[in-house]
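To be precise, the following lines are model-v1.txt, and they hold compact mmCIF, C-alpha atoms.
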# COMPACT_ATOMS: atom_id res chain seq x y z
CA MET A 66 101.83 80.55 103.36
CA LYS A 67 99.44 81.79 106.00
CA GLU A 68 99.34 79.82 109.26
CA ASN A 69 96.51 77.42 110.11
CA ARG A 70 95.32 78.27 113.61
CA GLY A 71 93.71 74.87 114.22
CA PHE A 72 90.14 73.64 114.37
CA LEU A 73 89.29 74.80 117.90
CA SER A 74 90.39 78.37 117.33
CA ASP A 75 88.35 78.48 114.09
CA LEU A 76 85.08 77.42 115.76
CA PRO A 77 82.37 80.10 115.50
CA ARG A 78 81.31 81.72 118.79
CA TRP A 79 77.72 80.46 118.63
CA LEU A 80 79.00 76.89 118.45
CA TRP A 81 81.01 77.40 121.61
CA PHE A 82 77.95 78.91 123.32
CA VAL A 83 75.67 75.99 122.39
CA SER A 84 78.29 73.48 123.55
CA VAL A 85 78.76 75.11 126.96
CA VAL A 86 75.01 75.57 127.57
CA SER A 87 74.19 71.98 126.57
CA LEU A 88 76.94 70.59 128.81
CA LEU A 89 75.70 72.62 131.77
CA ILE A 90 72.13 71.37 131.21
CA ILE A 91 73.27 67.72 131.20
CA LEU A 92 75.28 68.20 134.38
CA ILE A 93 72.85 70.34 136.38
CA LEU A 94 69.38 69.14 135.37
CA PRO A 95 69.52 65.70 137.08
CA ALA A 96 70.57 67.31 140.36
CA ILE A 97 67.72 69.85 140.13
CA LEU A 98 65.11 67.23 139.31
CA THR A 99 66.06 65.07 142.28
CA LEU A 100 65.87 67.81 144.91
CA PRO A 101 63.36 66.94 147.72
CA GLY A 102 60.05 68.64 147.18
CA TYR A 103 61.01 69.99 143.73
CA VAL A 104 59.24 67.27 141.72
CA ASP A 105 56.69 64.73 143.02
CA PHE A 106 57.60 61.33 141.57
CA SER A 107 54.70 59.45 143.25
CA ASN A 108 52.64 59.50 140.06
CA THR A 109 55.47 59.29 137.54
CA GLY A 110 56.95 55.83 137.99
CA GLU A 111 60.54 55.06 138.77
CA ILE A 112 62.86 58.04 139.07
CA GLY A 113 65.23 56.62 136.44
CA ASP A 114 62.44 56.43 133.89
CA THR A 115 61.44 59.98 134.67
CA ILE A 116 64.94 61.41 134.37
CA GLY A 117 65.58 59.34 131.26
CA GLY A 118 62.43 60.64 129.62
CA ILE A 119 63.35 64.20 130.49
CA MET A 120 67.03 63.96 129.47
CA ASN A 121 66.74 61.92 126.28
CA PRO A 122 65.76 64.92 124.11
CA PHE A 123 68.72 66.88 125.42
CA ILE A 124 71.08 63.97 124.82
CA ALA A 125 69.72 63.62 121.29
CA ILE A 126 70.36 67.30 120.69
CA ILE A 127 73.93 66.94 121.97
CA ALA A 128 74.45 63.88 119.77
CA ALA A 129 73.25 65.81 116.75
CA PHE A 130 75.53 68.66 117.66
CA LEU A 131 78.56 66.35 118.00
CA THR A 132 77.74 64.77 114.64
CA PHE A 133 77.65 68.23 113.09
CA PHE A 134 80.89 69.13 114.83
CA ALA A 135 82.64 66.02 113.49
CA PHE A 136 81.39 66.86 109.99
CA TRP A 137 82.60 70.46 110.33
CA VAL A 138 86.05 69.37 111.53
CA GLN A 139 86.36 67.00 108.57
CA LEU A 140 85.25 69.78 106.22
CA GLU A 141 87.93 72.13 107.59
CA ALA A 142 90.56 69.39 107.33
CA ASN A 143 89.66 68.84 103.69
CA LYS A 144 89.81 72.58 103.05
CA ASN A 145 93.27 72.88 104.62
CA GLN A 146 94.44 69.86 102.65
CA ARG A 147 93.23 71.46 99.41
CA ASN A 148 95.02 74.69 100.35
CA ASP A 149 98.25 72.81 101.07
CA ILE A 150 98.05 71.02 97.73
CA SER A 151 97.33 74.33 95.96
CA ILE A 152 100.32 75.98 97.68
CA GLU A 153 102.62 73.11 96.72
CA ARG A 154 101.50 73.27 93.10
CA GLN A 155 101.97 77.02 92.87
CA GLU A 156 105.38 76.84 94.52
CA ALA A 157 106.40 73.99 92.20
CA LYS A 158 105.47 76.09 89.17
CA PHE A 159 107.52 79.03 90.43
CA TYR A 160 110.58 76.86 91.08
CA LYS A 161 110.21 75.33 87.63
CA MET A 162 110.21 78.81 86.10
CA LEU A 163 113.25 79.64 88.24
CA ASP A 164 115.04 76.57 86.88
CA ILE A 165 114.24 77.64 83.31
CA TYR A 166 115.63 81.10 84.07
CA SER A 167 118.86 79.63 85.49
CA GLU A 168 119.29 77.35 82.50
CA MET A 169 118.62 80.23 80.11
CA THR A 170 121.29 82.48 81.61
CA LYS A 171 123.72 79.56 81.89
CA ASN A 172 123.51 78.93 78.13
CA LEU A 173 123.87 82.59 77.13
CA GLU A 174 126.85 83.36 74.90
CA VAL A 175 127.81 86.84 73.69
CA HIS A 176 131.05 87.67 71.87
CA GLY A 177 132.39 84.25 72.84
CA ILE A 178 131.71 84.80 76.55
CA LYS A 179 129.29 82.36 78.21
CA GLY A 180 127.00 82.49 81.19
CA LYS A 181 126.27 85.42 83.43
CA GLU A 182 129.61 87.05 82.61
CA ALA A 183 128.12 87.85 79.21
CA PHE A 184 125.73 90.34 80.82
CA ALA A 185 128.69 92.56 81.73
CA ASP A 186 129.62 92.65 78.05
CA LEU A 187 126.02 93.39 77.06
CA VAL A 188 125.98 96.35 79.47
CA GLY A 189 129.33 97.46 78.06
CA GLU A 190 127.97 97.31 74.52
CA PHE A 191 124.87 99.27 75.49
CA THR A 192 127.05 101.84 77.24
CA TYR A 193 129.16 102.30 74.11
CA THR A 194 125.99 102.56 72.03
CA PHE A 195 124.57 105.25 74.30
CA PHE A 196 127.68 107.39 74.28
CA THR A 197 128.20 106.93 70.56
CA ILE A 198 124.71 108.35 69.97
CA ASP A 199 125.33 111.02 72.60
CA MET A 200 128.59 111.95 70.86
CA ILE A 201 126.76 112.29 67.53
CA PHE A 202 124.16 114.49 69.22
CA GLU A 203 126.80 116.74 70.72
CA THR A 204 128.49 117.08 67.35
CA ILE A 205 125.20 117.89 65.60
CA LEU A 206 124.20 120.43 68.24
CA SER A 207 127.49 122.28 67.88
CA ASN A 208 127.61 122.15 64.07
CA ALA A 209 126.03 125.33 62.71
CA GLU A 210 126.44 124.24 59.10
CA TYR A 211 124.54 121.01 59.74
CA LEU A 212 121.74 122.86 61.53
CA ASN A 213 121.35 125.32 58.65
CA ASN A 214 121.03 122.51 56.12
CA ALA A 215 118.86 120.21 58.26
CA GLN A 216 115.24 119.40 57.48
CA PRO A 217 112.77 121.78 59.17
CA GLN A 218 111.39 118.98 61.36
CA VAL A 219 114.87 117.94 62.46
CA LYS A 220 115.90 121.54 63.11
CA THR A 221 112.84 122.07 65.34
CA ILE A 222 113.49 119.09 67.60
CA ILE A 223 117.23 119.84 67.80
CA GLN A 224 116.46 123.34 69.00
CA ASN A 225 114.11 121.85 71.61
CA PHE A 226 116.82 119.44 72.77
CA ILE A 227 119.33 122.29 73.08
CA ALA A 228 116.93 124.02 75.46
CA ASN A 229 115.79 120.90 77.34
CA LYS A 230 118.53 118.49 78.37
CA LYS A 231 116.12 116.21 80.23
CA ASP A 232 114.10 115.52 77.07
CA ARG A 233 117.31 115.05 75.12
CA TYR A 234 118.68 112.43 77.50
CA ALA A 235 115.31 110.66 77.56
CA PHE A 236 115.30 110.44 73.76
CA ILE A 237 118.93 109.32 73.58
CA THR A 238 118.43 106.67 76.29
CA ILE A 239 115.45 104.99 74.64
CA PHE A 240 116.84 105.42 71.12
CA SER A 241 120.21 103.94 72.12
CA TYR A 242 118.67 100.99 73.93
CA ASN A 243 116.50 100.11 70.94
CA LEU A 244 119.55 100.25 68.66
CA PHE A 245 121.37 97.98 71.10
CA PHE A 246 118.35 95.66 71.39
CA TYR A 247 117.26 95.42 67.73
CA GLY A 248 120.51 96.33 66.01
CA LYS A 249 120.69 97.92 62.57
CA HIS A 250 117.20 96.63 61.75
CA TYR A 251 115.60 98.94 64.31
CA MET A 252 112.87 100.95 62.58
CA ILE A 253 112.09 104.32 64.16
CA VAL A 254 108.40 105.08 63.77
CA ASP A 255 106.73 107.72 65.92
CA PHE A 256 103.45 108.84 64.36
CA ASN A 257 102.82 111.32 67.18
CA HIS A 258 106.24 112.95 66.75
CA PRO A 259 107.35 112.64 63.11
CA GLU A 260 110.23 115.03 63.79
CA ARG A 261 111.72 112.44 66.16
CA THR A 262 111.45 109.81 63.46
CA ALA A 263 113.29 112.07 61.02
CA LEU A 264 116.02 112.89 63.56
CA GLY A 265 116.42 109.25 64.51
CA GLU A 266 116.94 108.24 60.90
CA GLU A 267 119.55 110.97 60.50
CA ILE A 268 121.44 109.72 63.55
CA LYS A 269 121.25 106.13 62.33
CA LYS A 270 122.85 107.11 59.03
CA ILE A 271 125.73 108.81 60.83
CA ALA A 272 126.13 105.98 63.36
CA PHE A 273 126.11 103.24 60.73
CA SER A 274 128.66 105.11 58.64
CA MET A 275 131.11 105.07 61.53
CA ASN A 276 133.52 102.19 61.08
CA LYS A 277 134.54 100.96 64.55
CA TYR A 278 135.04 104.52 65.81
CA SER A 279 137.48 105.45 63.01
CA SER A 280 135.28 108.19 61.52
CA ALA A 281 136.06 111.91 61.52
CA ILE A 282 134.20 112.06 64.80
CA SER A 283 136.56 110.04 66.95
CA PHE A 284 134.83 108.22 69.77
CA VAL A 285 138.11 107.55 71.55
CA ASP A 286 139.12 111.22 71.39
CA TYR A 287 135.71 112.17 72.70
CA VAL A 288 136.28 109.94 75.73
CA LYS A 289 139.78 111.32 76.30
CA ALA A 290 138.40 114.85 76.25
CA GLY A 291 136.77 114.04 79.57
CA ASN A 292 133.24 114.87 78.47
CA PHE A 293 131.91 111.70 80.06
CA GLU A 294 132.93 108.47 81.71
CA VAL A 295 132.57 105.10 80.00
CA PRO A 296 133.05 102.14 82.32
CA MET A 297 135.31 99.61 80.61
CA LEU A 298 133.44 96.54 81.74
CA ASN A 299 135.37 93.96 79.81
CA ASN A 300 138.62 94.65 78.00
CA ARG A 301 138.55 91.25 76.33
CA VAL A 302 135.97 92.39 73.80
CA LYS A 303 135.84 95.46 71.64
CA PRO A 304 132.12 96.17 71.26
CA LEU A 305 130.55 95.68 67.85
CA LEU A 306 127.67 98.08 67.76
CA PHE A 307 124.25 97.59 66.19
CA VAL A 308 124.39 93.77 65.91
CA GLY A 309 121.21 93.42 68.01
CA HIS A 310 120.35 90.98 70.80
CA SER A 311 116.56 90.76 70.61
CA ASP A 312 116.63 87.01 69.89
CA PHE A 313 117.92 86.27 73.37
CA LEU A 314 117.01 89.36 75.38
CA GLY A 315 113.42 89.39 74.12
CA HIS A 316 112.92 85.83 75.36
CA TYR A 317 114.87 86.56 78.55
CA PHE A 318 112.86 89.63 79.58
CA ARG A 319 109.52 88.03 78.68
CA HIS A 320 110.29 85.04 80.89
CA LEU A 321 111.53 87.31 83.68
CA PHE A 322 108.35 89.38 83.49
CA GLN A 323 106.09 86.33 83.50
CA MET A 324 107.84 85.03 86.62
CA VAL A 325 107.28 88.24 88.55
CA LYS A 326 103.72 88.58 87.22
CA TYR A 327 102.99 85.00 88.31
CA VAL A 328 104.19 85.68 91.86
CA SER A 329 102.18 88.90 91.94
CA SER A 330 99.01 87.03 90.96
CA LEU A 331 99.32 84.28 93.60
CA ASP A 332 96.16 83.80 95.67
CA CYS A 333 96.16 86.47 98.39
CA SER A 334 94.30 84.10 100.76
CA LEU A 335 97.28 81.75 100.64
CA PHE A 336 100.22 84.14 100.10
CA ASP A 337 100.52 87.58 101.67
CA GLU A 338 102.67 90.44 100.32
CA VAL A 339 105.67 89.54 102.48
CA GLU A 340 105.66 85.97 101.15
CA LYS A 341 105.32 87.14 97.56
CA SER A 342 108.27 89.48 98.06
CA GLY A 343 110.23 86.55 99.43
CA TYR A 344 109.76 84.57 96.21
CA VAL A 345 110.81 87.51 94.04
CA LYS A 346 113.79 88.01 96.33
CA MET A 347 114.91 84.48 95.41
CA LEU A 348 114.82 85.53 91.76
CA ARG A 349 116.65 88.79 92.42
CA ALA A 350 119.33 86.91 94.37
CA GLN A 351 120.13 84.97 91.19
CA MET A 352 120.30 88.09 89.02
CA SER A 353 123.72 89.63 88.54
CA ASP A 354 124.23 93.36 89.04
CA TYR A 355 124.51 93.84 85.28
CA GLU A 356 121.24 92.00 84.69
CA GLN A 357 119.58 94.56 86.95
CA ILE A 358 121.14 97.39 84.93
CA LEU A 359 119.72 95.97 81.69
CA LEU A 360 116.36 95.35 83.34
CA TYR A 361 116.17 98.99 84.37
CA TYR A 362 116.95 100.36 80.91
CA ASN A 363 114.64 97.81 79.28
CA SER A 364 111.78 99.04 81.49
CA LEU A 365 112.12 102.54 80.01
CA THR A 366 111.22 101.39 76.51
CA GLU A 367 107.83 100.73 74.96
CA GLN A 368 108.39 96.97 74.96
CA GLY A 369 109.34 96.97 78.64
CA ASN A 370 107.16 99.69 80.18
CA ALA A 371 104.87 97.10 81.84
CA TRP A 372 107.56 96.78 84.52
CA ASN A 373 106.67 100.29 85.73
CA LYS A 374 102.90 100.21 85.21
CA LYS A 375 100.92 101.23 88.29
CA ARG A 376 97.74 99.24 89.00
CA GLY A 377 96.20 101.35 91.77
CA GLU A 378 97.00 103.52 94.77
CA ARG A 379 98.04 100.96 97.38
CA PHE A 380 101.72 100.83 98.28
CA PRO A 381 103.53 98.68 97.48
CA GLU A 382 100.92 96.24 96.09
CA ASP A 383 99.76 98.45 93.19
CA THR A 384 103.06 100.00 92.14
CA GLY A 385 105.05 98.78 89.16
CA TYR A 386 106.87 95.48 89.61
CA ILE A 387 110.34 97.06 89.78
CA ALA A 388 109.32 99.41 92.59
CA ARG A 389 107.06 96.89 94.32
CA PHE A 390 109.68 94.15 94.60
CA ARG A 391 112.77 96.43 94.51
CA LEU A 392 114.16 94.51 91.55
CA ILE A 393 117.08 96.90 90.95
CA LYS A 394 118.20 96.98 94.56
CA ASN A 395 121.67 95.70 93.67
CA LEU A 396 122.72 98.22 91.04
CA PRO A 397 126.53 98.14 91.27
CA PRO A 398 128.25 100.98 93.13
CA ASN A 399 131.02 101.21 90.51
CA PHE A 400 128.73 101.84 87.54
CA PRO A 401 127.88 105.51 86.82
CA MET A 402 124.25 105.56 85.65
CA PHE A 403 123.47 107.66 82.58
CA GLY A 404 120.51 108.86 80.55
CA ILE A 405 117.19 108.58 82.41
CA LEU A 406 118.35 108.09 85.98
CA PRO A 407 116.69 105.64 88.43
CA GLN A 408 117.40 108.12 91.22
CA LEU A 409 114.84 110.43 89.59
CA LEU A 410 112.40 107.86 88.22
CA TYR A 411 111.95 106.02 91.53
CA LYS A 412 112.48 108.94 93.88
CA ASP A 413 108.98 108.78 95.43
CA ASP A 414 108.97 104.98 95.69
CA SER A 415 112.41 105.01 97.27
CA GLN A 416 111.26 107.49 99.92
CA LYS A 417 108.16 105.39 100.70
CA TRP A 418 110.29 102.30 101.21
CA GLU A 419 112.65 104.24 103.47
CA LYS A 420 109.68 105.26 105.63
CA GLN A 421 108.99 101.54 106.10
CA GLY A 422 112.60 101.03 107.17
CA LYS A 423 113.65 99.22 103.99
CA LYS A 424 116.26 100.09 101.38
CA PHE A 425 115.28 100.60 97.75
CA TYR A 426 118.98 100.50 96.78
CA GLU A 427 121.56 98.40 98.57
CA HIS A 428 124.08 101.21 98.20
CA VAL A 429 123.01 104.49 99.76
CA LYS A 430 124.33 106.68 96.94
CA LEU A 431 124.62 105.42 93.40
CA PRO A 432 127.27 107.00 91.19
CA ILE A 433 126.05 109.25 88.38
CA ASN A 434 127.85 109.94 85.13
CA ARG A 435 129.15 113.51 85.02
CA ARG A 436 127.11 114.28 81.92
CA ALA A 437 123.92 113.38 83.79
CA GLU A 438 124.59 115.49 86.86
CA ASP A 439 123.15 118.65 85.34
CA ILE A 440 119.65 117.13 85.12
CA ILE A 441 119.49 116.05 88.79
What's the structure tokens form of this structure?
Amino acid sequence: MKENRGFLSDLPRWLWFVSVVSLLIILILPAILTLPGYVDFSNTGEIGDTIGGIMNPFIAIIAAFLTFFAFWVQLEANKNQRNDISIERQEAKFYKMLDIYSEMTKNLEVHGIKGKEAFADLVGEFTYTFFTIDMIFETILSNAEYLNNAQPQVKTIIQNFIANKKDRYAFITIFSYNLFFYGKHYMIVDFNHPERTALGEEIKKIAFSMNKYSSAISFVDYVKAGNFEVPMLNNRVKPLLFVGHSDFLGHYFRHLFQMVKYVSSLDCSLFDEVEKSGYVKMLRAQMSDYEQILLYYNSLTEQGNAWNKKRGERFPEDTGYIARFRLIKNLPPNFPMFGILPQLLYKDDSQKWEKQGKKFYEHVKLPINRRAEDII
């Protein structure tokens, strides 16, 4: 919260001026009036009556001023008290939301694994989903017979993806995450790009027909061929693809977003940007590295793009929440990023933070999957 400087330092300048002038008048005027030859008191009665009659109006003015001053001090005290109460209430709400977040992650269970360790398995499952879809793409792109028999719309977009790897990885990243998030019930509908809808449905058919990687297109053999790296995050669980996790992750990301949005909207007269960042830093400190990975990939999708929505030109106040509060600062150094890379997406924001002497990533150089290196 912003510091209270105290009542005296908050007094307006004109009030100080009136106080000093009035005090000088009270101290100096009696001495002036009693100087020999300055005032003739022979026709004015006793000197005390004369001075009293002259000074009483000034004393009344000073009394009125002191009354006003006492009222003003009380008003400022009440204002500061209201601010303190408001700050306490807003902080209490944030900490309550933080408690809910902690309880939510504590009760998470995926594939029989509980708590924050489950996020490593979720990242592993998403990784397998991504490279399964990527494997299908590679097979389709190299299969001349399939291309000849494909629908015209599908053939057009495949030819575009052959020529533009960046667009291809963007499509695969978002498509894979939605399959991971919604599972087999994910409906691909893109009215602006019907050819993407058609291609997505084709890929879903192939992916769903694969029975735990035992299809003619062997996922394991594809890995062994060295075409890409898949981090084996947890050997205790063999990923079951397309089961979906929207029931938990949807609630989780909505709560996470509301927490950060709440901090962002705190009264700027009570909380400055540094203090707001401090609250979000408390949240980030409780997030595991794998939670930050999932947060990043979630922000790329339609349901999570509010994380990256700019609200103006000021930096960092108007940038997206991830860039503003550096929410993915702790991406793990042993995880090769794939698909749409944060190194590219947040390149400008990262450079702006570096100019302010602050790190956007805790680790200077994040590892990149070999298959993503050709789009850097």
**Message:** At a cut-off of 10 Å, using only C-alpha atoms, what residues contact Ser87 of chain A? Leave out same-chain residues fewer than 6 positions from it and give the result as an NGL selection string.
**Reply:** :A and (123-124 or 126-127 or 130)
**Prompt:** What is the distance, in Å and to one decimal place, between atom CA of Thr238 of chain A and atom CA of Tyr362 of chain A?
**Reply:**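 Between atom CA of Thr238 of chain A and atom CA of Tyr362 of chain A the gap is 8.0 Å.
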**Request:** Provide the atom CA of Phe425 of chain A to atom CA of Phe390 of chain A distance in Å, to one decimal place.
**Result:**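 Those two atoms sit 9.1 Å apart.
Proximity of A:Ser342, A:Lys430, A:Pro259, A:Gly422 to Thr221 of chain A, computed with all atoms listed in the file, is greatest for A:Pro259.
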**Request:** Rank nothing, just name the residue among A:Pro122, A:Gly404, A:Pro398, A:Pro381 nearest to Tyr242 of chain A, using all atoms listed in the file.
**Result:**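 So, comparing all the options, the nearest one is A:Gly404.
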**Message:** For a quick check of understanding, using only C-alpha atoms, which of A:Glu340, A:Val328, A:Met169, A:Leu131 has the smallest distance to His316 of chain A?
**Reply:**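 Nearest to His316 of chain A: A:Met169.
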**Distance of atom CA of Asn363 of chain A from atom CA of Thr197 of chain A, expressed in Å to one decimal place** =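 Computed distance, atom CA of Thr197 of chain A to atom CA of Asn363 of chain A, equals 18.5 Å.
When only C-alpha atoms are used to measure the gap to Glu260 of chain A, the shortest distance among A:Leu244, A:Val219, A:Gly189, A:Tyr234 belongs to A:Val219.
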**Counting all atoms listed in the file, the option among A:Thr384, A:Gln155, A:Thr194, A:Ser167 closest to Ile239 of chain A** =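 Of A:Thr384, A:Gln155, A:Thr194, A:Ser167, the one nearest Ile239 of chain A, counting all atoms listed in the file, is A:Thr194.
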Which residues are close to Arg391 of chain A, i.e. within 10 Å by all atoms listed in the file, leaving aside same-chain residues fewer than 2 positions away? Reply as a short mmCIF file (atom, residue, chain, number, x, y, z; two decimals) with C-alpha atoms, in the coordinates of the input.
data_model
loop_
_atom_site.label_atom_id
_atom_site.label_comp_id
_atom_site.auth_asym_id
_atom_site.auth_seq_id
_atom_site.Cartn_x
_atom_site.Cartn_y
_atom_site.Cartn_z
CA SER A 342 108.27 89.48 98.06
CA VAL A 345 110.81 87.51 94.04
CA LYS A 346 113.79 88.01 96.33
CA ARG A 349 116.65 88.79 92.42
CA PRO A 381 103.53 98.68 97.48
CA GLY A 385 105.05 98.78 89.16
CA TYR A 386 106.87 95.48 89.61
CA ILE A 387 110.34 97.06 89.78
CA ALA A 388 109.32 99.41 92.59
CA ARG A 389 107.06 96.89 94.32
CA ILE A 393 117.08 96.90 90.95
CA LYS A 394 118.20 96.98 94.56
CA ASN A 395 121.67 95.70 93.67
CA ASP A 414 108.97 104.98 95.69
CA SER A 415 112.41 105.01 97.27
CA TRP A 418 110.29 102.30 101.21
CA LYS A 423 113.65 99.22 103.99
CA LYS A 424 116.26 100.09 101.38
CA PHE A 425 115.28 100.60 97.75
CA TYR A 426 118.98 100.50 96.78
CA GLU A 427 121.56 98.40 98.57
#
Quick one: axis-aligned box around all listed atoms of segment 268-274 of chain A, 6 Å on every side, centre and edge lengths in Å to one decimal, written as JSON.
{"center_x": 125.0, "center_y": 106.5, "center_z": 61.1, "size_x": 19.4, "size_y": 18.5, "size_z": 16.9}
